[in-house]
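Everything on this sheet refers to the single structure shown next.
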Amino acid sequence: MSIRRIDPHAERIRRNRLHPRHHELVRPAWRWTSAEGVTRIDPHALGAIGPNGIKRIDRSGGAVDAGPAVAREAARQDEAVPSRRPVTIDEPAGYVMVVPECLEGRLSDHDRDLFGLAHQLAEDRQVAVVAVTFQPALEGLEEAGADRWLDLSALVADGYAPEARLAALLAVETAFSPRHWLFADTFPGGGDLGRRLAAKLALSGEREDERVAAGVWQVADGQCLSRAADRQDIQRRLPRILLALAECAEPLSETRHEARPLTLEARFQSSFQSSMAEPGEAGIVDRGRVAVDPQRIPLAQAPFILSAGRGIGDWEGYHHAARVLGASEGASRVAVDDGHMPRARQVGATGTFVSAGCYVAVGISGAVQHLQGITKCQRVVAINSDPGCDMVKRADLAIIADGDAVLAAVCERLGQPRAAEPSEAVPEAGSGALSKEERQHVAA
Ligand SMILES: Cc1cc2nc3c(=O)[nH]c(=O)nc-3n(C[C@H](O)[C@H](O)[C@H](O)COP(=O)(O)OP(=O)(O)OC[C@H]3O[C@@H](n4cnc5c(N)ncnc54)[C@H](O)[C@@H]3O)c2cc1C
């Protein structure tokens, strides 16, 4: 028989919230055994305050056992800014070049995977991983893993210029003789540029055996695996130029690199100038971007989605906001079932899986079936009147307010308010649509 012993002194301290040792002794109180021998759990003692100020329940009790509340909060703050080990390379023994896509001017997850792969290839810590970019300002290169940063924007004008970019990369090739070149296997981005580079080097006779490995998703022991049709893999010897798929390697999470600026010597710049075609002779002329109706982009590929749920009352205001923001429209299943949105716009497990860079969910509670459809979105913004809903917990940024009012304010701030004031959506006879009040009543 086990006898439960009580320390009366500790019990007194536990009851006295002002005692300096109170937090220390109150820890185990989240779970105890009652006099009847039943395990009791205090739900209020479970969990910790998350980064967005919302309480997260941790049923393991780990967060509670971790220490007094003050110490837990300090630990949480430490976790929020994890310290990375700084890595510096002063005299690189060689270079691995990474040409990130930088879609929309930012490093993508795919780009970070490329840097992870580059470090896998660098093996020797004295080999520097170089970010070769065509834009002057780029954030996050240090965390991504760039030891050096070679910005070629001064040589190549912005826009679609594969010939000029190729000429610039050839100058880099001559200047640094990199051990590897890594591109994201996308079209018309890195996939096109990497193939051009390999073809040019092979045709010029400099490296006749230069062949790219495309669709690379794994590299190990001097071999690489490329994804072919019918989900078959091709294994081959590791070439110098790799066009890699997303998730080809783990992005770096423990180290912070310098991204020290690297320059192309003047003589290589002049070789670049001489290799460039005269303005009238260029094979490709960039005539600028073509405006695309965001509603005609397939939802799965849309980069920016404004999604609506049952919390929307002013549907005209919502469509107007999507037009003003240039966003593709998405919807929760309830918004579709209620007849506000077409079935093709439904996001989620039984709708479309989206991968937007920015996903704005207005009046969507964040049911698990909906959240399954947005796992690949880079940034999620929730606009919801309920601070405790799951969409707010999932979001990177949450606005706790009336969805219609926020959308109207955004349009107004952008100088394009709706001509008419948003109506309170009085349903037309026989339309089947419920007014906002009716819907809130039903929800209640
Ligand atoms: C088998 C199955 C498959 C499913 N598949 C899908 C799917 O693919 N996609 C999908 O979306 N759902 C799917 N569902 C439905 C899902 O479970 C939810 O019912 C649905 O996602 C809820 O939609 P909602 O968030 O728009 O509505 P609700 O859950 O009712 O949420 C409305 C939200 O709006 C907020 N709100 C209310 N008024 C305002 C206001 N004035 N301003 C701001 N916010 C406000 C509320 O706080 C609430 O968070 C599926 C369900 C099943 C059973």
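By order of appearance in the structure tokens: chains A, B, ..., then residues from 1 within every chain, and ligands from 1 in the order shown.
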
Query raised in the report: Can you list, as an NGL selection string, every protein, DNA or RNA residue that comes within 12 Å of Pro162 in chain A when you count only C-alpha atoms, leaving out same-chain residues fewer than 5 positions away?
Result: :A and (134 or 156-157 or 167-169 or 187-197 or 276 or 282-286)

Suppose we keep N, CA and C atoms; can you now write the selection as a tab-separated table (two decimals), in the first residue's frame?
```
chain	number	residue	atom	x	y	z
A	134	PHE	N	19.80	38.66	-58.96
A	134	PHE	CA	19.65	39.73	-59.95
A	134	PHE	C	18.83	40.88	-59.36
A	156	VAL	N	22.55	43.24	-65.19
A	156	VAL	CA	21.35	42.77	-65.91
A	156	VAL	C	20.15	43.59	-65.47
A	157	ALA	N	19.49	44.19	-66.45
A	157	ALA	CA	18.31	45.01	-66.13
A	157	ALA	C	17.19	44.11	-65.63
A	167	ALA	N	24.65	35.46	-69.94
A	167	ALA	CA	25.97	36.07	-70.15
A	167	ALA	C	26.61	36.42	-68.81
A	168	ALA	N	25.80	36.90	-67.88
A	168	ALA	CA	26.33	37.26	-66.55
A	168	ALA	C	26.80	36.00	-65.82
A	169	LEU	N	26.04	34.91	-65.93
A	169	LEU	CA	26.45	33.68	-65.24
A	169	LEU	C	27.72	33.10	-65.87
A	187	PHE	N	9.92	26.62	-64.47
A	187	PHE	CA	9.88	27.29	-65.76
A	187	PHE	C	9.02	28.55	-65.62
A	188	PRO	N	9.45	29.69	-66.15
A	188	PRO	CA	10.63	29.94	-66.96
A	188	PRO	C	11.81	30.43	-66.13
A	189	GLY	N	11.88	30.10	-64.86
A	189	GLY	CA	12.94	30.61	-63.99
A	189	GLY	C	14.22	29.81	-64.09
A	190	GLY	N	14.62	29.22	-62.95
A	190	GLY	CA	15.90	28.54	-62.86
A	190	GLY	C	16.03	27.35	-63.80
A	191	GLY	N	14.93	26.66	-64.06
A	191	GLY	CA	14.99	25.50	-64.95
A	191	GLY	C	15.50	25.89	-66.32
A	192	ASP	N	15.01	27.01	-66.82
A	192	ASP	CA	15.41	27.51	-68.14
A	192	ASP	C	16.86	28.02	-68.11
A	193	LEU	N	17.17	28.81	-67.09
A	193	LEU	CA	18.51	29.42	-67.00
A	193	LEU	C	19.60	28.35	-66.82
A	194	GLY	N	19.33	27.37	-65.99
A	194	GLY	CA	20.31	26.31	-65.74
A	194	GLY	C	20.58	25.50	-67.00
A	195	ARG	N	19.52	25.19	-67.74
A	195	ARG	CA	19.70	24.43	-69.00
A	195	ARG	C	20.50	25.26	-70.00
A	196	ARG	N	20.20	26.55	-70.07
A	196	ARG	CA	20.94	27.43	-70.98
A	196	ARG	C	22.43	27.43	-70.62
A	197	LEU	N	22.72	27.51	-69.30
A	197	LEU	CA	24.11	27.58	-68.88
A	197	LEU	C	24.86	26.30	-69.27
A	276	MET	N	27.60	40.30	-74.79
A	276	MET	CA	26.19	40.66	-74.95
A	276	MET	C	25.90	41.08	-76.39
A	282	ALA	N	19.25	41.30	-80.08
A	282	ALA	CA	18.81	40.37	-79.03
A	282	ALA	C	17.68	39.48	-79.54
A	283	GLY	N	17.76	38.19	-79.25
A	283	GLY	CA	16.73	37.25	-79.70
A	283	GLY	C	15.44	37.41	-78.92
A	284	ILE	N	15.54	37.81	-77.67
A	284	ILE	CA	14.35	37.94	-76.83
A	284	ILE	C	14.20	39.39	-76.41
A	285	VAL	N	13.02	39.94	-76.64
A	285	VAL	CA	12.75	41.31	-76.23
A	285	VAL	C	11.64	41.27	-75.19
A	286	ASP	N	11.90	41.85	-74.03
A	286	ASP	CA	10.89	41.86	-72.97
A	286	ASP	C	9.92	43.02	-73.21
```

Test item: residues no farther than 8 Å from ligand 1, counting only C-alpha atoms and all ligand atoms, as a PDB file with N, CA and C atoms, in the first residue's frame:
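Okay, part_11.pdb is ready:
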```pdb
ATOM      1  N   ALA A 308     -13.329  33.793 -48.517  1.00  0.00           N
ATOM      2  CA  ALA A 308     -14.481  34.242 -47.737  1.00  0.00           C
ATOM      3  C   ALA A 308     -15.206  33.079 -47.085  1.00  0.00           C
ATOM      4  N   GLY A 309     -15.693  33.313 -45.870  1.00  0.00           N
ATOM      5  CA  GLY A 309     -16.454  32.289 -45.163  1.00  0.00           C
ATOM      6  C   GLY A 309     -17.799  32.831 -44.709  1.00  0.00           C
ATOM      7  N   ARG A 310     -18.389  32.097 -43.792  1.00  0.00           N
ATOM      8  CA  ARG A 310     -19.732  32.466 -43.332  1.00  0.00           C
ATOM      9  C   ARG A 310     -19.751  33.843 -42.675  1.00  0.00           C
ATOM     10  N   GLY A 311     -18.599  34.312 -42.205  1.00  0.00           N
ATOM     11  CA  GLY A 311     -18.549  35.601 -41.517  1.00  0.00           C
ATOM     12  C   GLY A 311     -18.722  36.794 -42.434  1.00  0.00           C
ATOM     13  N   ILE A 312     -18.707  36.583 -43.741  1.00  0.00           N
ATOM     14  CA  ILE A 312     -18.921  37.695 -44.678  1.00  0.00           C
ATOM     15  C   ILE A 312     -20.416  38.002 -44.737  1.00  0.00           C
ATOM     16  N   GLY A 313     -20.751  39.292 -44.591  1.00  0.00           N
ATOM     17  CA  GLY A 313     -22.157  39.685 -44.713  1.00  0.00           C
ATOM     18  C   GLY A 313     -22.382  40.464 -45.994  1.00  0.00           C
ATOM     19  N   ALA A 331     -13.025  30.333 -51.053  1.00  0.00           N
ATOM     20  CA  ALA A 331     -14.182  30.275 -50.155  1.00  0.00           C
ATOM     21  C   ALA A 331     -14.120  29.043 -49.274  1.00  0.00           C
ATOM     22  N   SER A 332     -14.825  29.140 -48.141  1.00  0.00           N
ATOM     23  CA  SER A 332     -14.999  27.951 -47.302  1.00  0.00           C
ATOM     24  C   SER A 332     -16.181  27.164 -47.876  1.00  0.00           C
ATOM     25  N   ARG A 333     -16.319  25.945 -47.394  1.00  0.00           N
ATOM     26  CA  ARG A 333     -17.403  25.115 -47.922  1.00  0.00           C
ATOM     27  C   ARG A 333     -18.771  25.703 -47.565  1.00  0.00           C
ATOM     28  N   VAL A 334     -18.867  26.283 -46.397  1.00  0.00           N
ATOM     29  CA  VAL A 334     -20.152  26.860 -45.999  1.00  0.00           C
ATOM     30  C   VAL A 334     -20.536  27.996 -46.952  1.00  0.00           C
ATOM     31  N   ALA A 335     -19.549  28.842 -47.324  1.00  0.00           N
ATOM     32  CA  ALA A 335     -19.843  29.935 -48.255  1.00  0.00           C
ATOM     33  C   ALA A 335     -20.312  29.383 -49.601  1.00  0.00           C
ATOM     34  N   GLN A 346     -13.987  26.558 -53.785  1.00  0.00           N
ATOM     35  CA  GLN A 346     -13.861  26.010 -52.424  1.00  0.00           C
ATOM     36  C   GLN A 346     -12.429  25.567 -52.135  1.00  0.00           C
ATOM     37  N   VAL A 347     -11.926  26.035 -51.008  1.00  0.00           N
ATOM     38  CA  VAL A 347     -10.574  25.671 -50.567  1.00  0.00           C
ATOM     39  C   VAL A 347     -10.704  24.621 -49.463  1.00  0.00           C
ATOM     40  N   GLY A 348      -9.880  23.586 -49.525  1.00  0.00           N
ATOM     41  CA  GLY A 348      -9.912  22.618 -48.431  1.00  0.00           C
ATOM     42  C   GLY A 348      -9.819  21.193 -48.897  1.00  0.00           C
ATOM     43  N   ALA A 349     -10.029  20.294 -47.936  1.00  0.00           N
ATOM     44  CA  ALA A 349      -9.843  18.862 -48.197  1.00  0.00           C
ATOM     45  C   ALA A 349     -10.718  18.369 -49.334  1.00  0.00           C
ATOM     46  N   THR A 350     -11.941  18.870 -49.411  1.00  0.00           N
ATOM     47  CA  THR A 350     -12.815  18.427 -50.498  1.00  0.00           C
ATOM     48  C   THR A 350     -12.935  19.511 -51.571  1.00  0.00           C
ATOM     49  N   GLY A 351     -12.060  20.487 -51.520  1.00  0.00           N
ATOM     50  CA  GLY A 351     -12.013  21.519 -52.560  1.00  0.00           C
ATOM     51  C   GLY A 351     -10.632  21.532 -53.182  1.00  0.00           C
ATOM     52  N   THR A 352     -10.026  22.700 -53.251  1.00  0.00           N
ATOM     53  CA  THR A 352      -8.696  22.825 -53.851  1.00  0.00           C
ATOM     54  C   THR A 352      -7.639  23.024 -52.768  1.00  0.00           C
ATOM     55  N   VAL A 362     -11.204  35.612 -44.553  1.00  0.00           N
ATOM     56  CA  VAL A 362     -12.124  36.556 -43.922  1.00  0.00           C
ATOM     57  C   VAL A 362     -13.363  35.800 -43.444  1.00  0.00           C
ATOM     58  N   GLY A 363     -13.624  35.842 -42.147  1.00  0.00           N
ATOM     59  CA  GLY A 363     -14.819  35.193 -41.598  1.00  0.00           C
ATOM     60  C   GLY A 363     -14.808  33.691 -41.783  1.00  0.00           C
ATOM     61  N   ILE A 364     -13.634  33.084 -41.680  1.00  0.00           N
ATOM     62  CA  ILE A 364     -13.515  31.618 -41.795  1.00  0.00           C
ATOM     63  C   ILE A 364     -12.995  31.099 -40.459  1.00  0.00           C
ATOM     64  N   SER A 365     -13.695  30.114 -39.895  1.00  0.00           N
ATOM     65  CA  SER A 365     -13.355  29.682 -38.535  1.00  0.00           C
ATOM     66  C   SER A 365     -12.083  28.841 -38.487  1.00  0.00           C
ATOM     67  N   GLY A 366     -11.735  28.179 -39.602  1.00  0.00           N
ATOM     68  CA  GLY A 366     -10.522  27.351 -39.609  1.00  0.00           C
ATOM     69  C   GLY A 366     -10.805  25.916 -39.213  1.00  0.00           C
ATOM     70  N   ALA A 367     -11.900  25.365 -39.775  1.00  0.00           N
ATOM     71  CA  ALA A 367     -12.188  23.943 -39.544  1.00  0.00           C
ATOM     72  C   ALA A 367     -11.049  23.116 -40.131  1.00  0.00           C
ATOM     73  N   VAL A 368     -10.837  21.941 -39.564  1.00  0.00           N
ATOM     74  CA  VAL A 368      -9.671  21.142 -39.968  1.00  0.00           C
ATOM     75  C   VAL A 368      -9.681  20.862 -41.473  1.00  0.00           C
ATOM     76  N   GLN A 369     -10.871  20.651 -42.048  1.00  0.00           N
ATOM     77  CA  GLN A 369     -10.928  20.370 -43.496  1.00  0.00           C
ATOM     78  C   GLN A 369     -10.468  21.576 -44.300  1.00  0.00           C
ATOM     79  N   HIS A 370     -10.733  22.766 -43.793  1.00  0.00           N
ATOM     80  CA  HIS A 370     -10.283  23.975 -44.496  1.00  0.00           C
ATOM     81  C   HIS A 370      -8.772  24.151 -44.323  1.00  0.00           C
ATOM     82  N   LEU A 371      -8.297  23.950 -43.098  1.00  0.00           N
ATOM     83  CA  LEU A 371      -6.859  24.136 -42.834  1.00  0.00           C
ATOM     84  C   LEU A 371      -6.010  23.150 -43.637  1.00  0.00           C
ATOM     85  N   GLN A 372      -6.569  21.957 -43.904  1.00  0.00           N
ATOM     86  CA  GLN A 372      -5.814  20.991 -44.711  1.00  0.00           C
ATOM     87  C   GLN A 372      -5.498  21.550 -46.095  1.00  0.00           C
ATOM     88  N   GLY A 373      -6.377  22.402 -46.587  1.00  0.00           N
ATOM     89  CA  GLY A 373      -6.193  22.941 -47.936  1.00  0.00           C
ATOM     90  C   GLY A 373      -5.201  24.089 -48.003  1.00  0.00           C
ATOM     91  N   ILE A 383      -8.925  37.418 -40.757  1.00  0.00           N
ATOM     92  CA  ILE A 383      -9.761  38.548 -40.330  1.00  0.00           C
ATOM     93  C   ILE A 383     -11.010  37.913 -39.748  1.00  0.00           C
ATOM     94  N   ASN A 384     -11.177  38.035 -38.442  1.00  0.00           N
ATOM     95  CA  ASN A 384     -12.254  37.304 -37.786  1.00  0.00           C
ATOM     96  C   ASN A 384     -12.653  38.041 -36.516  1.00  0.00           C
ATOM     97  N   SER A 385     -13.926  37.943 -36.184  1.00  0.00           N
ATOM     98  CA  SER A 385     -14.372  38.622 -34.957  1.00  0.00           C
ATOM     99  C   SER A 385     -14.115  37.776 -33.712  1.00  0.00           C
ATOM    100  N   ASP A 386     -13.740  36.517 -33.909  1.00  0.00           N
ATOM    101  CA  ASP A 386     -13.526  35.622 -32.770  1.00  0.00           C
ATOM    102  C   ASP A 386     -12.025  35.376 -32.570  1.00  0.00           C
ATOM    103  N   PRO A 387     -11.429  35.961 -31.510  1.00  0.00           N
ATOM    104  CA  PRO A 387      -9.969  35.785 -31.319  1.00  0.00           C
ATOM    105  C   PRO A 387      -9.566  34.356 -30.994  1.00  0.00           C
ATOM    106  N   CYS A 389     -10.727  31.549 -32.492  1.00  0.00           N
ATOM    107  CA  CYS A 389     -11.009  30.527 -33.523  1.00  0.00           C
ATOM    108  C   CYS A 389      -9.705  29.951 -34.082  1.00  0.00           C
ATOM    109  N   ASP A 390      -9.811  28.781 -34.673  1.00  0.00           N
ATOM    110  CA  ASP A 390      -8.608  28.057 -35.116  1.00  0.00           C
ATOM    111  C   ASP A 390      -7.888  28.768 -36.253  1.00  0.00           C
ATOM    112  N   MET A 391      -8.604  29.529 -37.070  1.00  0.00           N
ATOM    113  CA  MET A 391      -7.928  30.250 -38.152  1.00  0.00           C
ATOM    114  C   MET A 391      -6.989  31.314 -37.574  1.00  0.00           C
ATOM    115  N   ILE A 400      -8.622  41.142 -35.466  1.00  0.00           N
ATOM    116  CA  ILE A 400      -9.853  40.772 -34.767  1.00  0.00           C
ATOM    117  C   ILE A 400     -10.833  41.926 -34.941  1.00  0.00           C
ATOM    118  N   ALA A 401     -11.692  41.769 -35.910  1.00  0.00           N
ATOM    119  CA  ALA A 401     -12.659  42.834 -36.202  1.00  0.00           C
ATOM    120  C   ALA A 401     -13.704  42.291 -37.165  1.00  0.00           C
ATOM    121  N   ASP A 402     -14.675  43.113 -37.467  1.00  0.00           N
ATOM    122  CA  ASP A 402     -15.707  42.721 -38.420  1.00  0.00           C
ATOM    123  C   ASP A 402     -15.088  42.648 -39.827  1.00  0.00           C
ATOM    124  N   GLY A 403     -15.268  41.532 -40.499  1.00  0.00           N
ATOM    125  CA  GLY A 403     -14.629  41.312 -41.796  1.00  0.00           C
ATOM    126  C   GLY A 403     -15.045  42.331 -42.844  1.00  0.00           C
ATOM    127  N   ASP A 404     -16.344  42.617 -42.916  1.00  0.00           N
ATOM    128  CA  ASP A 404     -16.838  43.577 -43.922  1.00  0.00           C
ATOM    129  C   ASP A 404     -16.209  44.949 -43.710  1.00  0.00           C
ATOM    130  N   ALA A 405     -16.134  45.340 -42.427  1.00  0.00           N
ATOM    131  CA  ALA A 405     -15.601  46.675 -42.118  1.00  0.00           C
ATOM    132  C   ALA A 405     -14.128  46.756 -42.483  1.00  0.00           C
ATOM    133  N   GLN A 440     -26.223  34.939 -38.442  1.00  0.00           N
ATOM    134  CA  GLN A 440     -25.668  34.916 -37.089  1.00  0.00           C
ATOM    135  C   GLN A 440     -26.632  34.214 -36.139  1.00  0.00           C
ATOM    136  N   ALA A 443     -26.259  30.570 -36.758  1.00  0.00           N
ATOM    137  CA  ALA A 443     -24.998  30.089 -36.182  1.00  0.00           C
ATOM    138  C   ALA A 443     -25.106  29.958 -34.676  1.00  0.00           C
TER     139      ALA A 443
END
```

Within 10 Å of range 93-111 of chain A, which residues of range 291-384 of chain A come that close, and what is the closest atom pair and distance in Å for each? Count only C-alpha atoms and give it as CSV.
```
residue,atom,partner,partner_atom,distance
A:Pro303,CA,A:Glu104,CA,9.5
A:Gly357,CA,A:Ser108,CA,8.8
A:Lys376,CA,A:Asp109,CA,10.0
A:Gln378,CA,A:Asp109,CA,8.3
```

Requested in this report: Show which residues sit within 8 Å of Phe268 in chain A, as a PyMOL selection string. Count only C-alpha atoms, and ignore same-chain residues fewer than 2 positions away.
Outcome: chain A and resi 171-172+174-175+264-266+270-272

Mind writing the picked residues with N, CA and C atoms as a PDB file, in the first residue's frame?
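Now in result-v2.pdb:
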```
ATOM      1  N   ALA A 171      30.121  34.873 -67.084  1.00  0.00           N
ATOM      2  CA  ALA A 171      31.222  35.680 -66.515  1.00  0.00           C
ATOM      3  C   ALA A 171      31.551  35.185 -65.107  1.00  0.00           C
ATOM      4  N   VAL A 172      30.518  34.833 -64.334  1.00  0.00           N
ATOM      5  CA  VAL A 172      30.729  34.308 -62.968  1.00  0.00           C
ATOM      6  C   VAL A 172      31.457  32.970 -63.047  1.00  0.00           C
ATOM      7  N   THR A 174      33.529  31.955 -65.337  1.00  0.00           N
ATOM      8  CA  THR A 174      34.947  32.190 -65.649  1.00  0.00           C
ATOM      9  C   THR A 174      35.684  32.728 -64.425  1.00  0.00           C
ATOM     10  N   ALA A 175      35.026  33.603 -63.683  1.00  0.00           N
ATOM     11  CA  ALA A 175      35.703  34.244 -62.552  1.00  0.00           C
ATOM     12  C   ALA A 175      35.923  33.289 -61.382  1.00  0.00           C
ATOM     13  N   LEU A 264      32.326  41.013 -58.788  1.00  0.00           N
ATOM     14  CA  LEU A 264      32.889  40.452 -60.008  1.00  0.00           C
ATOM     15  C   LEU A 264      33.941  41.441 -60.490  1.00  0.00           C
ATOM     16  N   GLU A 265      35.156  40.953 -60.658  1.00  0.00           N
ATOM     17  CA  GLU A 265      36.233  41.875 -61.058  1.00  0.00           C
ATOM     18  C   GLU A 265      35.886  42.563 -62.377  1.00  0.00           C
ATOM     19  N   ALA A 266      36.473  43.746 -62.570  1.00  0.00           N
ATOM     20  CA  ALA A 266      36.145  44.569 -63.743  1.00  0.00           C
ATOM     21  C   ALA A 266      36.410  43.830 -65.056  1.00  0.00           C
ATOM     22  N   SER A 270      33.799  43.260 -68.112  1.00  0.00           N
ATOM     23  CA  SER A 270      33.957  43.690 -69.519  1.00  0.00           C
ATOM     24  C   SER A 270      33.781  42.498 -70.453  1.00  0.00           C
ATOM     25  N   SER A 271      34.183  41.270 -70.006  1.00  0.00           N
ATOM     26  CA  SER A 271      33.936  40.096 -70.864  1.00  0.00           C
ATOM     27  C   SER A 271      32.434  39.866 -71.001  1.00  0.00           C
ATOM     28  N   PHE A 272      31.707  40.206 -69.930  1.00  0.00           N
ATOM     29  CA  PHE A 272      30.240  40.102 -70.006  1.00  0.00           C
ATOM     30  C   PHE A 272      29.693  41.088 -71.035  1.00  0.00           C
TER      31      PHE A 272
END
```

Please build the interface table for range 121-186 of chain A against range 248-255 of chain A with a cut-off of 12 Å, listing for each qualifying residue the nearest atom pair and the distance in Å to one decimal; count only C-alpha atoms, order rows by chain and increasing number, and write it as a tab-separated table.
```
residue	atom	partner	partner_atom	distance
A:Leu121	CA	A:Ala249	CA	10.6
A:Gly140	CA	A:Leu252	CA	11.6
A:Leu141	CA	A:Leu252	CA	11.0
A:Glu142	CA	A:Thr255	CA	8.6
A:Glu143	CA	A:Thr255	CA	6.9
A:Ala144	CA	A:Leu252	CA	6.2
A:Gly145	CA	A:Leu252	CA	6.5
A:Ala146	CA	A:Leu252	CA	10.3
A:Asp147	CA	A:Thr255	CA	10.8
A:Leu182	CA	A:Cys248	CA	11.2
A:Phe183	CA	A:Cys248	CA	11.4
A:Ala184	CA	A:Cys248	CA	9.8
A:Asp185	CA	A:Cys248	CA	10.7
```

Quick one: write out the picked residues with C-alpha atoms as a PDB file, in the first residue's frame?
```
ATOM      1  CA  LEU A 121      27.290  19.557 -51.411  1.00  0.00           C
ATOM      2  CA  GLY A 140      17.043  36.484 -45.145  1.00  0.00           C
ATOM      3  CA  LEU A 141      20.165  35.351 -47.009  1.00  0.00           C
ATOM      4  CA  GLU A 142      22.095  34.936 -43.732  1.00  0.00           C
ATOM      5  CA  GLU A 143      19.531  32.544 -42.246  1.00  0.00           C
ATOM      6  CA  ALA A 144      19.067  30.762 -45.566  1.00  0.00           C
ATOM      7  CA  GLY A 145      22.788  29.902 -45.598  1.00  0.00           C
ATOM      8  CA  ALA A 146      24.608  32.268 -47.990  1.00  0.00           C
ATOM      9  CA  ASP A 147      28.262  32.724 -47.043  1.00  0.00           C
ATOM     10  CA  LEU A 182      22.161  25.044 -58.165  1.00  0.00           C
ATOM     11  CA  PHE A 183      18.918  26.265 -59.725  1.00  0.00           C
ATOM     12  CA  ALA A 184      15.277  25.713 -58.812  1.00  0.00           C
ATOM     13  CA  ASP A 185      13.800  23.476 -61.498  1.00  0.00           C
TER      14      ASP A 185
END
```

Report task. Figure out the distance between CA of Asp230 in chain A and CA of Glu210 in chain A, please, to one decimal in Å. Result -> 26.3 Å

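One distance worth recording is that between CA of Ala302 in chain A and CA of Ser355 in chain A, which is 7.3 Å.
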
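Candidate residues A:Asp151, A:Glu247, A:Glu139, A:Asp221 were compared for distance to Leu114 in chain A, and the nearest is A:Glu247, using only C-alpha atoms.
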
Query raised in the report: Out of range 128-247 of chain A, which residues get strand (DSSP E or B) from DSSP, as a PyMOL selection string?
Result: chain A and resi 128-133+148-151+180-184+212-220+223-227+233-237+241-244

Query raised in the report: So which residues of range 62-300 of chain A fall under helix (DSSP H, G or I) by DSSP, listed as a ChimeraX atom specification?
Result: /A:62-65,69-80,103-105,109-122,141-144,162-176,190-203,229-231,266-275,279-281,294-296,299-300

Deliver the residues from the most recent selection as a file, using C-alpha atoms, as a compact mmCIF listing (two decimals), in the first residue's frame.
```txt
# COMPACT_ATOMS: atom_id res chain seq x y z
CA GLY A 62 5.51 19.70 -20.27
CA ALA A 63 5.02 23.42 -20.39
CA VAL A 64 3.76 23.39 -16.82
CA ASP A 65 6.57 21.24 -15.53
CA ALA A 69 5.49 30.99 -14.95
CA VAL A 70 8.12 33.70 -15.12
CA ALA A 71 10.81 31.26 -16.21
CA ARG A 72 8.44 29.74 -18.78
CA GLU A 73 7.76 33.14 -20.25
CA ALA A 74 11.51 33.85 -20.47
CA ALA A 75 12.04 30.48 -22.14
CA ARG A 76 9.24 31.25 -24.57
CA GLN A 77 10.88 34.50 -25.52
CA ASP A 78 14.19 32.73 -25.99
CA GLU A 79 12.46 30.19 -28.21
CA ALA A 80 10.87 32.94 -30.28
CA LEU A 103 9.68 35.27 -56.74
CA GLU A 104 7.96 38.48 -55.67
CA GLY A 105 11.31 39.76 -54.43
CA ASP A 109 10.81 27.89 -49.33
CA HIS A 110 12.15 26.29 -52.51
CA ASP A 111 15.08 28.74 -52.47
CA ARG A 112 15.85 27.83 -48.85
CA ASP A 113 15.83 24.14 -49.78
CA LEU A 114 18.43 24.95 -52.47
CA PHE A 115 20.71 26.53 -49.87
CA GLY A 116 20.27 23.43 -47.68
CA LEU A 117 21.33 21.28 -50.63
CA ALA A 118 24.26 23.58 -51.37
CA HIS A 119 25.62 23.06 -47.84
CA GLN A 120 25.17 19.33 -48.26
CA LEU A 121 27.29 19.56 -51.41
CA ALA A 122 29.83 21.90 -49.85
CA LEU A 141 20.17 35.35 -47.01
CA GLU A 142 22.09 34.94 -43.73
CA GLU A 143 19.53 32.54 -42.25
CA ALA A 144 19.07 30.76 -45.57
CA PRO A 162 17.48 35.14 -70.05
CA GLU A 163 20.21 35.98 -72.58
CA ALA A 164 21.67 38.75 -70.41
CA ARG A 165 21.39 36.59 -67.29
CA LEU A 166 23.15 33.74 -69.07
CA ALA A 167 25.97 36.07 -70.15
CA ALA A 168 26.33 37.26 -66.55
CA LEU A 169 26.45 33.68 -65.24
CA LEU A 170 29.10 32.80 -67.83
CA ALA A 171 31.22 35.68 -66.51
CA VAL A 172 30.73 34.31 -62.97
CA GLU A 173 31.69 30.83 -64.21
CA THR A 174 34.95 32.19 -65.65
CA ALA A 175 35.70 34.24 -62.55
CA PHE A 176 35.03 31.65 -59.84
CA GLY A 190 15.90 28.54 -62.86
CA GLY A 191 14.99 25.50 -64.95
CA ASP A 192 15.41 27.51 -68.14
CA LEU A 193 18.51 29.42 -67.00
CA GLY A 194 20.31 26.31 -65.74
CA ARG A 195 19.70 24.43 -69.00
CA ARG A 196 20.94 27.43 -70.98
CA LEU A 197 24.11 27.58 -68.88
CA ALA A 198 24.89 23.87 -69.31
CA ALA A 199 24.17 23.96 -73.07
CA LYS A 200 26.32 27.03 -73.55
CA LEU A 201 29.26 25.55 -71.64
CA ALA A 202 29.00 22.26 -73.54
CA LEU A 203 28.69 23.96 -76.95
CA ALA A 229 7.65 10.70 -65.62
CA ASP A 230 5.23 8.27 -63.93
CA ARG A 231 6.92 9.06 -60.62
CA ALA A 266 36.14 44.57 -63.74
CA ARG A 267 37.82 42.35 -66.36
CA PHE A 268 35.04 39.77 -66.03
CA GLN A 269 32.44 42.50 -66.25
CA SER A 270 33.96 43.69 -69.52
CA SER A 271 33.94 40.10 -70.86
CA PHE A 272 30.24 40.10 -70.01
CA GLN A 273 29.69 43.36 -71.90
CA SER A 274 31.49 42.06 -74.98
CA SER A 275 29.51 38.80 -75.01
CA PRO A 279 20.45 46.02 -78.54
CA GLY A 280 18.85 45.40 -81.96
CA GLU A 281 20.22 41.85 -82.22
CA PRO A 294 -6.64 36.91 -61.00
CA GLN A 295 -9.93 34.99 -61.29
CA ARG A 296 -8.60 33.15 -64.34
CA LEU A 299 -6.86 28.50 -57.69
CA ALA A 300 -4.13 25.95 -56.88
```
